[in-house]
$ cat run-v6.csv   # CSV, C-alpha atoms
chain,number,residue,atom,x,y,z
M,1,MET,CA,-23.2,-75.8,-188.6
M,2,LYS,CA,-26.7,-74.5,-188.4
M,3,ARG,CA,-28.1,-78.0,-188.9
M,4,ARG,CA,-25.8,-79.3,-186.1
M,5,ILE,CA,-26.9,-76.6,-183.7
M,6,VAL,CA,-30.6,-77.4,-184.5
M,7,ALA,CA,-30.0,-81.1,-184.0
M,8,LEU,CA,-28.2,-80.5,-180.7
M,9,LEU,CA,-31.0,-78.3,-179.4
M,10,PHE,CA,-33.6,-80.9,-180.4
M,11,ALA,CA,-31.6,-83.7,-178.6
M,12,LEU,CA,-31.4,-81.6,-175.5
M,13,LEU,CA,-35.2,-80.9,-175.6
M,14,ALA,CA,-35.9,-84.6,-176.1
M,15,THR,CA,-33.7,-85.5,-173.2
M,16,GLN,CA,-35.6,-83.0,-170.9
M,17,LEU,CA,-39.0,-84.2,-172.0
M,18,GLY,CA,-37.9,-87.8,-171.6
M,19,ALA,CA,-36.9,-87.1,-168.0
M,20,LEU,CA,-40.5,-86.1,-167.3
M,21,VAL,CA,-42.2,-88.9,-169.3
M,22,ASN,CA,-40.1,-91.8,-168.1
M,23,PRO,CA,-40.7,-92.9,-164.5
M,24,ALA,CA,-37.7,-92.6,-162.3
M,25,TYR,CA,-38.6,-95.3,-159.7
M,26,ALA,CA,-35.5,-94.7,-157.7
M,27,CYS,CA,-33.4,-92.0,-156.2
M,28,GLY,CA,-29.9,-92.1,-155.0
M,29,CYS,CA,-30.6,-93.9,-151.7
M,30,GLY,CA,-34.0,-95.5,-152.1
M,31,ALA,CA,-37.1,-96.0,-154.3
M,32,MET,CA,-39.5,-93.1,-155.0
M,33,ILE,CA,-42.8,-94.3,-156.4
M,34,PRO,CA,-45.4,-91.9,-157.9
M,35,ASP,CA,-49.1,-92.3,-157.5
M,36,GLY,CA,-51.2,-93.9,-160.3
M,37,GLN,CA,-50.0,-93.1,-163.8
M,38,SER,CA,-48.0,-90.0,-162.8
M,39,ARG,CA,-44.3,-89.6,-163.4
M,40,ILE,CA,-41.6,-88.3,-161.1
M,41,GLY,CA,-38.0,-87.9,-161.8
M,42,VAL,CA,-35.3,-87.3,-159.2
M,43,ASP,CA,-32.9,-84.8,-160.8
M,44,ARG,CA,-30.6,-84.4,-157.9
M,45,GLU,CA,-30.1,-85.9,-154.5
M,46,THR,CA,-28.0,-84.1,-151.9
M,47,SER,CA,-27.4,-85.5,-148.5
M,48,VAL,CA,-25.4,-84.6,-145.4
M,49,VAL,CA,-24.0,-87.6,-143.6
M,50,ARG,CA,-22.7,-87.4,-140.0
M,51,TRP,CA,-20.9,-90.4,-138.5
M,52,ASP,CA,-19.1,-90.6,-135.2
M,53,GLY,CA,-18.1,-94.2,-135.4
M,54,ARG,CA,-21.3,-95.5,-133.6
M,55,THR,CA,-24.3,-93.4,-134.9
M,56,GLU,CA,-25.1,-92.3,-138.4
M,57,GLN,CA,-27.3,-89.4,-139.3
M,58,ILE,CA,-28.4,-88.6,-142.9
M,59,VAL,CA,-30.1,-85.3,-143.8
M,60,MET,CA,-31.4,-85.6,-147.4
M,61,ARG,CA,-33.0,-83.4,-149.9
M,62,PHE,CA,-34.4,-84.3,-153.3
M,63,THR,CA,-34.8,-82.1,-156.3
M,64,VAL,CA,-37.6,-83.6,-158.4
M,65,GLY,CA,-39.5,-83.0,-161.6
M,66,GLY,CA,-42.6,-84.5,-163.2
M,67,ASP,CA,-46.4,-84.3,-162.7
M,68,ALA,CA,-46.9,-86.5,-159.6
M,69,HIS,CA,-49.1,-85.0,-156.9
M,70,ARG,CA,-48.2,-87.6,-154.4
M,71,ALA,CA,-45.4,-90.2,-154.1
M,72,ALA,CA,-44.0,-92.8,-151.8
M,73,TRP,CA,-40.4,-93.1,-150.9
M,74,ILE,CA,-38.5,-96.0,-149.4
M,75,MET,CA,-35.1,-96.2,-147.8
M,76,PRO,CA,-33.4,-99.3,-146.3
M,77,VAL,CA,-31.4,-98.7,-143.1
M,78,PRO,CA,-29.2,-101.2,-141.2
M,79,GLY,CA,-30.7,-100.5,-137.8
M,80,ARG,CA,-33.7,-99.0,-136.0
M,81,ALA,CA,-34.2,-95.5,-137.3
M,82,THR,CA,-35.7,-92.3,-136.0
M,83,VAL,CA,-37.0,-89.7,-138.5
M,84,GLU,CA,-37.6,-86.0,-138.2
M,85,LEU,CA,-37.7,-82.9,-140.4
M,86,GLY,CA,-34.4,-81.4,-141.5
M,87,ASN,CA,-33.4,-77.8,-141.9
M,88,GLY,CA,-32.8,-76.7,-145.4
M,89,LYS,CA,-30.5,-73.8,-144.2
M,90,MET,CA,-27.9,-76.5,-143.5
M,91,PHE,CA,-27.4,-77.0,-147.3
M,92,ASP,CA,-27.0,-73.2,-147.8
M,93,GLU,CA,-24.3,-73.1,-145.2
M,94,LEU,CA,-22.4,-76.1,-146.7
M,95,GLY,CA,-22.6,-74.5,-150.1
M,96,ARG,CA,-20.9,-71.4,-148.7
M,97,LEU,CA,-18.2,-73.4,-146.9
M,98,THR,CA,-17.3,-75.5,-149.9
M,99,ARG,CA,-17.6,-72.9,-152.7
M,100,PRO,CA,-14.5,-72.8,-155.0
M,101,GLU,CA,-11.8,-70.2,-154.7
M,102,HIS,CA,-11.4,-67.8,-157.5
M,103,LYS,CA,-7.8,-67.2,-158.6
M,104,THR,CA,-6.2,-65.1,-161.3
M,105,ARG,CA,-3.7,-66.8,-163.6
M,106,GLY,CA,-1.6,-64.6,-165.9
M,107,TYR,CA,-0.3,-65.5,-169.3
M,108,PHE,CA,2.4,-63.8,-171.4
M,109,TRP,CA,1.7,-64.2,-175.1
M,110,PRO,CA,-1.6,-62.8,-176.5
M,111,ARG,CA,-4.4,-65.3,-177.3
M,112,ASP,CA,-7.0,-65.2,-180.1
M,113,HIS,CA,-9.3,-62.7,-178.2
M,114,ASP,CA,-6.4,-60.3,-177.4
M,115,TRP,CA,-5.0,-57.5,-179.5
M,116,PRO,CA,-3.7,-57.8,-182.2
M,117,PHE,CA,-5.7,-61.0,-183.0
M,118,SER,CA,-8.9,-59.4,-181.9
M,119,SER,CA,-10.3,-55.8,-181.7
M,120,GLY,CA,-11.8,-56.6,-178.3
M,121,GLY,CA,-10.0,-56.2,-174.9
M,122,MET,CA,-9.0,-58.7,-172.4
M,123,ARG,CA,-11.6,-61.2,-171.1
M,124,ASP,CA,-11.6,-63.9,-168.5
M,125,GLY,CA,-11.5,-67.6,-169.3
M,126,ALA,CA,-12.6,-70.0,-166.6
M,127,GLY,CA,-11.4,-73.5,-165.9
M,128,ALA,CA,-11.8,-75.7,-162.9
M,129,PRO,CA,-10.3,-78.9,-161.8
M,130,ALA,CA,-14.7,-78.5,-160.5
M,131,PRO,CA,-25.0,-89.0,-148.8
M,132,GLY,CA,-35.3,-108.0,-137.2
M,133,ALA,CA,-35.8,-110.3,-135.3
M,134,ALA,CA,-38.5,-112.8,-135.9
M,135,ALA,CA,-41.6,-110.8,-136.5
M,136,PRO,CA,-44.7,-110.6,-138.8
M,137,PRO,CA,-43.9,-110.2,-142.5
M,138,VAL,CA,-44.2,-106.4,-142.0
M,139,GLY,CA,-44.1,-104.7,-138.7
M,140,VAL,CA,-44.8,-101.0,-138.1
M,141,VAL,CA,-42.2,-99.7,-135.6
M,142,GLY,CA,-43.6,-96.2,-135.6
M,143,ARG,CA,-45.6,-93.7,-137.7
M,144,GLU,CA,-45.3,-89.9,-137.6
M,145,GLN,CA,-46.7,-87.0,-139.5
M,146,LEU,CA,-43.8,-84.6,-140.2
M,147,GLY,CA,-44.9,-81.6,-142.2
M,148,ASP,CA,-45.8,-82.8,-145.6
M,149,PHE,CA,-44.5,-86.3,-144.9
M,150,ASP,CA,-46.3,-89.3,-143.5
M,151,VAL,CA,-43.4,-91.5,-142.2
M,152,ALA,CA,-43.7,-95.1,-141.4
M,153,ARG,CA,-40.8,-97.0,-139.9
M,154,LEU,CA,-41.0,-100.7,-140.9
M,155,THR,CA,-39.5,-104.1,-140.4
M,156,ALA,CA,-40.0,-106.8,-143.1
M,157,THR,CA,-39.1,-110.5,-143.3
M,158,ASP,CA,-40.6,-110.9,-146.8
M,159,PRO,CA,-39.8,-108.6,-149.8
M,160,ASP,CA,-43.3,-109.1,-151.2
M,161,ALA,CA,-44.7,-107.9,-147.8
M,162,LEU,CA,-43.2,-104.5,-148.4
M,163,LYS,CA,-44.9,-104.3,-151.8
M,164,ASN,CA,-48.2,-105.4,-150.3
M,165,TRP,CA,-48.0,-102.8,-147.5
M,166,LEU,CA,-47.4,-99.9,-149.9
M,167,GLU,CA,-50.1,-101.1,-152.3
M,168,SER,CA,-52.5,-101.2,-149.4
M,169,ASN,CA,-51.7,-97.6,-148.7
M,170,GLY,CA,-52.5,-96.6,-152.2
M,171,PHE,CA,-49.2,-96.8,-154.1
M,172,LYS,CA,-48.3,-99.3,-156.7
M,173,LEU,CA,-44.7,-100.4,-156.8
M,174,PRO,CA,-42.7,-101.7,-159.8
M,175,ASP,CA,-42.9,-105.5,-159.8
M,176,HIS,CA,-39.2,-106.0,-159.5
M,177,LEU,CA,-38.8,-103.9,-156.4
M,178,ALA,CA,-39.3,-106.9,-154.2
M,179,THR,CA,-36.4,-108.6,-155.9
M,180,GLU,CA,-34.1,-105.6,-155.3
M,181,VAL,CA,-35.1,-105.4,-151.6
M,182,LYS,CA,-34.4,-109.1,-150.9
M,183,PRO,CA,-30.6,-108.5,-150.0
M,184,TYR,CA,-31.7,-106.1,-147.3
M,185,VAL,CA,-34.3,-108.5,-146.0
M,186,ASP,CA,-31.7,-111.2,-145.9
M,187,GLN,CA,-29.4,-109.0,-143.8
M,188,GLY,CA,-32.2,-108.0,-141.4
M,189,TRP,CA,-32.3,-104.3,-142.4
M,190,GLU,CA,-35.3,-102.1,-141.6
M,191,TYR,CA,-37.0,-99.5,-143.8
M,192,VAL,CA,-38.2,-95.9,-143.7
M,193,ALA,CA,-41.3,-95.5,-145.9
M,194,VAL,CA,-42.6,-92.1,-146.6
M,195,ARG,CA,-45.7,-90.7,-148.3
M,196,LEU,CA,-45.3,-87.1,-149.4
M,197,ALA,CA,-47.4,-84.5,-151.0
M,198,PRO,CA,-46.9,-80.8,-151.9
M,199,ARG,CA,-48.2,-78.1,-149.5
M,200,GLY,CA,-50.6,-76.6,-152.0
M,201,PRO,CA,-53.5,-78.8,-153.1
M,202,GLY,CA,-53.4,-79.6,-156.8
M,203,ARG,CA,-49.7,-78.8,-157.2
M,204,PRO,CA,-47.3,-81.4,-158.5
M,205,LEU,CA,-44.1,-82.4,-156.6
M,206,ARG,CA,-41.5,-80.3,-158.2
M,207,GLY,CA,-38.3,-78.6,-157.2
M,208,ASP,CA,-36.5,-79.0,-153.8
M,209,LEU,CA,-38.5,-81.0,-151.3
M,210,ASP,CA,-38.2,-80.5,-147.6
M,211,PRO,CA,-35.3,-82.4,-146.1
M,212,LEU,CA,-35.6,-85.3,-143.8
M,213,ARG,CA,-33.2,-86.3,-141.1
M,214,ILE,CA,-32.8,-90.0,-140.4
M,215,ARG,CA,-30.7,-91.4,-137.6
M,216,PHE,CA,-29.7,-95.0,-136.8
M,217,ASP,CA,-26.8,-96.9,-135.1
M,218,SER,CA,-24.1,-98.2,-137.4
M,219,ASP,CA,-20.5,-99.3,-136.8
M,220,ARG,CA,-19.7,-98.5,-140.4
M,221,LEU,CA,-20.5,-95.5,-142.6
M,222,VAL,CA,-22.9,-96.8,-145.2
M,223,TYR,CA,-25.1,-94.9,-147.7
M,224,PRO,CA,-27.8,-97.1,-149.2
M,225,MET,CA,-27.7,-97.0,-153.0
M,226,ARG,CA,-28.7,-100.4,-154.3
M,227,LEU,CA,-32.3,-99.5,-155.0
M,228,SER,CA,-31.4,-96.7,-157.3
M,229,ARG,CA,-30.4,-99.4,-159.9
M,230,MET,CA,-34.1,-99.3,-160.9
M,231,ALA,CA,-33.9,-95.7,-162.0
M,232,LYS,CA,-34.8,-95.1,-165.7
M,233,THR,CA,-32.8,-91.9,-166.0
M,234,PRO,CA,-29.2,-90.9,-165.0
M,235,GLN,CA,-28.8,-90.1,-161.3
M,236,SER,CA,-26.8,-87.4,-159.6
M,237,LEU,CA,-25.6,-87.7,-156.0
M,238,GLY,CA,-24.0,-85.1,-153.8
M,239,LEU,CA,-22.7,-86.1,-150.3
M,240,TYR,CA,-21.4,-83.9,-147.5
M,241,VAL,CA,-19.7,-86.3,-145.1
M,242,LEU,CA,-19.0,-85.1,-141.5
M,243,ALA,CA,-16.6,-87.4,-139.7
M,244,ASP,CA,-13.3,-87.5,-137.7
M,245,HIS,CA,-11.3,-87.9,-140.9
M,246,ARG,CA,-11.4,-87.3,-144.6
M,247,MET,CA,-13.6,-90.0,-146.1
M,248,GLU,CA,-13.8,-91.7,-149.5
M,249,PRO,CA,-16.1,-94.3,-151.1
M,250,ALA,CA,-14.6,-97.8,-151.1
M,251,SER,CA,-15.8,-98.3,-154.6
M,252,PRO,CA,-17.6,-96.4,-157.4
M,253,ILE,CA,-20.4,-99.1,-157.2
M,254,GLY,CA,-21.1,-98.8,-160.9
M,255,GLY,CA,-21.1,-95.1,-161.3
M,256,SER,CA,-18.6,-92.6,-162.5
M,257,ALA,CA,-15.5,-92.0,-160.4
M,258,PRO,CA,-16.5,-90.1,-157.3
M,259,GLU,CA,-15.1,-86.5,-157.3
M,260,VAL,CA,-14.0,-84.8,-154.1
M,261,THR,CA,-15.0,-81.1,-154.4
M,262,PHE,CA,-14.0,-80.1,-150.9
M,263,ALA,CA,-12.0,-81.5,-148.0
M,264,GLY,CA,-11.1,-79.7,-144.8
M,265,THR,CA,-11.8,-79.2,-141.1
M,266,ILE,CA,-14.8,-76.9,-140.3
M,267,ARG,CA,-15.9,-75.4,-137.0
M,268,PRO,CA,-19.6,-74.3,-137.3
M,269,GLU,CA,-20.5,-72.2,-134.3
M,270,ASN,CA,-24.3,-72.1,-134.5
M,271,GLY,CA,-27.3,-73.1,-136.6
M,272,PRO,CA,-28.5,-76.4,-137.9
M,273,LEU,CA,-25.1,-77.5,-139.2
M,274,ALA,CA,-23.4,-76.9,-135.8
M,275,GLU,CA,-26.2,-78.9,-134.2
M,276,LEU,CA,-25.5,-81.8,-136.5
M,277,ALA,CA,-21.7,-81.6,-136.4
M,278,GLY,CA,-21.3,-81.2,-132.7
M,279,ALA,CA,-19.2,-78.9,-130.5
M,280,GLU,CA,-15.8,-80.1,-131.7
M,281,PRO,CA,-14.2,-79.4,-135.1
M,282,VAL,CA,-15.1,-82.0,-137.7
M,283,PHE,CA,-13.7,-83.0,-141.0
M,284,LEU,CA,-15.9,-82.3,-144.0
M,285,THR,CA,-15.6,-84.2,-147.3
M,286,ALA,CA,-17.8,-83.1,-150.2
M,287,ILE,CA,-18.3,-85.8,-152.9
M,288,ASP,CA,-20.1,-85.6,-156.2
M,289,GLN,CA,-20.9,-88.6,-158.3
M,290,ARG,CA,-22.9,-89.3,-161.4
M,291,PHE,CA,-24.6,-92.6,-162.4
M,292,PRO,CA,-25.1,-92.4,-166.2
M,293,GLU,CA,-26.4,-96.0,-166.2
M,294,PRO,CA,-28.2,-96.7,-162.9
M,295,GLY,CA,-28.7,-100.3,-163.8
M,296,ARG,CA,-25.0,-100.9,-163.2
M,297,ILE,CA,-25.2,-100.0,-159.5
M,298,ASP,CA,-24.3,-103.2,-157.7
M,299,ALA,CA,-23.9,-102.2,-154.0
M,300,ASP,CA,-24.4,-99.6,-151.3
M,301,HIS,CA,-21.8,-96.9,-150.7
M,302,GLU,CA,-19.4,-97.8,-147.9
M,303,LEU,CA,-17.1,-94.9,-147.0
M,304,ARG,CA,-13.8,-95.3,-145.3
M,305,ALA,CA,-11.1,-92.9,-143.9
M,306,THR,CA,-8.3,-91.9,-146.3
M,307,ALA,CA,-4.7,-92.4,-145.4
M,308,LYS,CA,-4.2,-88.7,-144.8
M,309,ASP,CA,-6.5,-85.8,-144.0
M,310,THR,CA,-5.3,-83.8,-147.0
M,311,PRO,CA,-7.3,-80.6,-147.4
M,312,TYR,CA,-8.7,-79.7,-150.8
M,313,ARG,CA,-10.7,-76.9,-152.3
M,314,ARG,CA,-11.7,-76.5,-155.9
M,315,ALA,CA,-10.2,-73.5,-157.8
M,316,ILE,CA,-11.7,-71.5,-160.6
M,317,TYR,CA,-9.0,-69.8,-162.6
M,318,HIS,CA,-9.6,-66.5,-164.4
M,319,ASP,CA,-6.9,-66.1,-167.1
M,320,GLU,CA,-5.6,-62.6,-167.6
M,321,LEU,CA,-3.0,-61.2,-170.0
M,322,LEU,CA,-0.1,-59.8,-168.1
M,323,THR,CA,0.1,-56.0,-168.3
M,324,ALA,CA,2.1,-53.2,-166.8
M,325,GLY,CA,0.5,-49.8,-166.6
M,326,GLY,CA,-2.3,-51.1,-168.9
M,327,VAL,CA,0.2,-52.1,-171.6
M,328,PRO,CA,0.6,-55.8,-172.4
M,329,VAL,CA,3.9,-57.1,-171.0
M,330,TRP,CA,4.6,-59.0,-174.2
M,331,LEU,CA,4.4,-55.7,-176.1
M,332,LEU,CA,6.8,-53.9,-173.7
M,333,THR,CA,9.2,-56.9,-173.8
M,334,LEU,CA,9.1,-56.9,-177.6
M,335,ALA,CA,9.6,-53.2,-177.8
M,336,ALA,CA,12.5,-53.4,-175.4
M,337,ALA,CA,14.0,-56.2,-177.4
M,338,VAL,CA,13.6,-54.3,-180.7
M,339,ALA,CA,15.2,-51.2,-179.1
M,340,ALA,CA,18.1,-53.2,-177.7
M,341,LEU,CA,18.6,-54.9,-181.1
M,342,THR,CA,18.5,-51.6,-182.8
M,343,ALA,CA,21.0,-50.0,-180.4
M,344,THR,CA,23.3,-53.0,-180.8
M,345,SER,CA,23.1,-52.8,-184.6
M,346,VAL,CA,23.9,-49.1,-184.6
M,347,ALA,CA,26.9,-49.7,-182.3
M,348,VAL,CA,28.2,-52.5,-184.6
M,349,LEU,CA,27.8,-50.3,-187.7
M,350,ARG,CA,29.7,-47.4,-186.0
M,351,VAL,CA,32.6,-49.8,-185.1
M,352,ARG,CA,32.7,-51.1,-188.6
M,353,GLY,CA,32.6,-47.6,-190.0
M,354,ARG,CA,35.6,-46.6,-187.9
M,355,ARG,CA,37.6,-49.6,-189.1
M,356,THR,CA,36.9,-49.0,-192.7
M,357,ALA,CA,37.4,-45.2,-192.7
M,358,PRO,CA,40.6,-44.1,-194.7
M,359,ALA,CA,43.5,-43.0,-192.7
M,360,ALA,CA,44.2,-39.2,-192.8
M,361,THR,CA,47.3,-38.1,-194.8
M,362,SER,CA,49.7,-35.4,-193.8

$ encode --input "run-v6.csv" --output "structure tokens"
Amino acid sequence: MKRRIVALLFALLATQLGALVNPAYACGCGAMIPDGQSRIGVDRETSVVRWDGRTEQIVMRFTVGGDAHRAAWIMPVPGRATVELGNGKMFDELGRLTRPEHKTRGYFWPRDHDWPFSSGGMRDGAGAPAPGAAAPPVGVVGREQLGDFDVARLTATDPDALKNWLESNGFKLPDHLATEVKPYVDQGWEYVAVRLAPRGPGRPLRGDLDPLRIRFDSDRLVYPMRLSRMAKTPQSLGLYVLADHRMEPASPIGGSAPEVTFAGTIRPENGPLAELAGAEPVFLTAIDQRFPEPGRIDADHELRATAKDTPYRRAIYHDELLTAGGVPVWLLTLAAAVAALTATSVAVLRVRGRRTAPAATS
């Protein structure tokens, strides 16, 4: 057992070190490229997607690790995009709105941690059912400095032109990125290219990055994912989808089955979430998905309305032994049964005693 534990700890350590050593050229919705020989790994991507049937807005935040001091990030979009800084407080509010309910679930018979099987008292056990027209090869639509982000909005009619543009700006792309971008070029999509660096000089990109808010016209709810097939490590995606109805991915696109962690109507009254959601109540669907083998990702996420707007909230159950007045109910029941059995036995013996007693003689 000790050898197994040591082996498990070693495997976990090797996995964590591997996440820092191996380049993760992609994140959930685009390609993230470190500078020079640095390494960057996207541990988690969380996005809020707002779609009203005509316009789509994505507020995304990355959690990264590694030793890169600068990086470039690319995201394909189906139409002309505008980009601005997002507000991280939005994610805090969504976390509060979608947090699981805690429920108590009683059980009758004692378990291995209950008396008389254990000298300890009762304890809780938890279980949970737990987002061109004809033009030069690359056109710069706009360029803005947003906090730590240098954002360029690009058009491209040649996949290699994107690679050359980024290389001319100091970032080397993986050779096969041009191949992965080609389907977007063929469809006439545009691109958001971002250079990012930490606020403090000399500090690597690590932890939660500032969120970005991207807006574009779209008659379908699409979340670009295809570039993440280049990732070298497993990917994790969390989507908060704000729409008129409960939404679901049309396909797992090569990842694990998407898991809905919350579904219901919300009415934010103020703050960044209210500004994004709008004045009217909106349906929020929270979706988690993992991509253990990113190379199997074969499409972008397209989300569609479900047949019914069924609400859902995760529940975390705390199991407790049923008690009455501090005494286990099973013990009271057993005592009552023993007492009833004893009383019945005594009554039967008395009846039998009367029947067998000798008659009195005169």

$ residues_near_point --input "run-v6.csv" --point "(-43.5, -110.0, -141.8)" --cutoff "8 Å" --atoms "all atoms listed in the file" --output "count of residues only"
10

$ closest_residue --input "run-v6.csv" --among "M:Asp244, M:Val348, M:Leu322, M:Pro328" --to "Arg105 in chain M" --atoms "all atoms listed in the file"
M:Leu322

$ closest_residue --input "run-v6.csv" --among "M:Arg352, M:Tyr240, M:Thr104, M:Pro159" --to "Asp186 in chain M" --atoms "only C-alpha atoms"
M:Pro159

$ atom_distance --input "run-v6.csv" --atom1 "CA of Gly88 in chain M" --atom2 "CA of Arg195 in chain M"
19.3 Å

$ atom_distance --input "run-v6.csv" --atom1 "CA of Tyr312 in chain M" --atom2 "CA of Glu280 in chain M"
20.4 Å

$ residues_around --input "run-v6.csv" --residues "Thr98 in chain M" --least-positions-apart "6" --cutoff "12 Å" --atoms "all atoms listed in the file" --output "JSON list (two decimals) with C-alpha atoms, in the frame of the given file"
[["chain", "number", "residue", "atom", "x", "y", "z"],
["M", 91, "PHE", "CA", -27.40, -77.00, -147.30],
["M", 92, "ASP", "CA", -27.00, -73.20, -147.80],
["M", 130, "ALA", "CA", -14.70, -78.50, -160.50],
["M", 239, "LEU", "CA", -22.70, -86.10, -150.30],
["M", 240, "TYR", "CA", -21.40, -83.90, -147.50],
["M", 260, "VAL", "CA", -14.00, -84.80, -154.10],
["M", 261, "THR", "CA", -15.00, -81.10, -154.40],
["M", 262, "PHE", "CA", -14.00, -80.10, -150.90],
["M", 263, "ALA", "CA", -12.00, -81.50, -148.00],
["M", 264, "GLY", "CA", -11.10, -79.70, -144.80],
["M", 265, "THR", "CA", -11.80, -79.20, -141.10],
["M", 266, "ILE", "CA", -14.80, -76.90, -140.30],
["M", 284, "LEU", "CA", -15.90, -82.30, -144.00],
["M", 285, "THR", "CA", -15.60, -84.20, -147.30],
["M", 286, "ALA", "CA", -17.80, -83.10, -150.20],
["M", 287, "ILE", "CA", -18.30, -85.80, -152.90],
["M", 311, "PRO", "CA", -7.30, -80.60, -147.40],
["M", 312, "TYR", "CA", -8.70, -79.70, -150.80],
["M", 313, "ARG", "CA", -10.70, -76.90, -152.30],
["M", 314, "ARG", "CA", -11.70, -76.50, -155.90],
["M", 315, "ALA", "CA", -10.20, -73.50, -157.80]]

$ atom_distance --input "run-v6.csv" --atom1 "CA of Glu45 in chain M" --atom2 "CA of Lys103 in chain M"
29.4 Å

$ closest_residue --input "run-v6.csv" --among "M:Leu332, M:Leu237, M:Leu321, M:Leu276" --to "Pro258 in chain M" --atoms "all atoms listed in the file"
M:Leu237

$ closest_residue --input "run-v6.csv" --among "M:Leu85, M:Glu269, M:Ile316, M:Leu212" --to "Pro100 in chain M" --atoms "all atoms listed in the file"
M:Ile316

$ closest_residue --input "run-v6.csv" --among "M:Lys308, M:Lys163, M:Arg99, M:Arg290" --to "Glu259 in chain M" --atoms "only C-alpha atoms"
M:Arg290

$ residues_near_point --input "run-v6.csv" --point "(-34.3, -103.5, -153.6)" --cutoff "10 Å" --atoms "all atoms listed in the file" --output "number ranges by chain"
M: 26, 30-31, 74-76, 159, 176-185, 225-230

$ residues_around --input "run-v6.csv" --residues "Arg215 in chain M" --least-positions-apart "4" --cutoff "10 Å" --atoms "only C-alpha atoms" --output "list of chain:residue names"
M:Val49, M:Arg50, M:Trp51, M:Thr55, M:Glu56, M:Gln57, M:Ile58, M:Val59, M:Val77, M:Gly79, M:Arg80, M:Ala81, M:Thr82, M:Val83, M:Glu84

$ decode --input "run-v6.csv" --residues "range 89-93 of chain M" --atoms "all heavy atoms" --output "compact mmCIF listing (two decimals), in the first residue's frame"
# COMPACT_ATOMS: atom_id res chain seq x y z
N LYS M 89 -15.49 40.62 -12.02
CA LYS M 89 -16.52 40.44 -11.00
C LYS M 89 -17.72 39.65 -11.54
O LYS M 89 -18.48 39.07 -10.77
CB LYS M 89 -16.98 41.80 -10.47
CG LYS M 89 -15.90 42.55 -9.69
CD LYS M 89 -16.43 43.87 -9.17
CE LYS M 89 -15.35 44.61 -8.37
NZ LYS M 89 -15.85 45.93 -7.88
N MET M 90 -17.88 39.66 -12.86
CA MET M 90 -18.97 38.90 -13.48
C MET M 90 -18.87 37.42 -13.14
O MET M 90 -19.86 36.74 -12.86
CB MET M 90 -18.92 39.12 -14.99
CG MET M 90 -20.01 38.43 -15.77
SD MET M 90 -19.75 38.63 -17.55
CE MET M 90 -19.59 40.42 -17.69
N PHE M 91 -17.65 36.89 -13.14
CA PHE M 91 -17.45 35.47 -12.87
C PHE M 91 -17.75 35.15 -11.40
O PHE M 91 -18.26 34.08 -11.08
CB PHE M 91 -16.03 35.07 -13.24
CG PHE M 91 -15.75 35.20 -14.71
CD1 PHE M 91 -15.20 36.37 -15.22
CD2 PHE M 91 -16.03 34.17 -15.58
CE1 PHE M 91 -14.94 36.50 -16.57
CE2 PHE M 91 -15.78 34.29 -16.94
CZ PHE M 91 -15.23 35.46 -17.43
N ASP M 92 -17.42 36.09 -10.51
CA ASP M 92 -17.74 35.89 -9.09
C ASP M 92 -19.25 35.81 -8.89
O ASP M 92 -19.75 34.95 -8.14
CB ASP M 92 -17.17 37.04 -8.25
CG ASP M 92 -15.65 37.10 -8.33
OD1 ASP M 92 -15.02 36.05 -8.56
OD2 ASP M 92 -15.09 38.20 -8.16
N GLU M 93 -19.99 36.70 -9.56
CA GLU M 93 -21.44 36.69 -9.41
C GLU M 93 -22.05 35.42 -9.99
O GLU M 93 -22.95 34.81 -9.39
CB GLU M 93 -22.04 37.92 -10.10
CG GLU M 93 -23.55 38.05 -9.89
CD GLU M 93 -24.13 39.33 -10.44
OE1 GLU M 93 -23.35 40.18 -10.94
OE2 GLU M 93 -25.36 39.50 -10.38
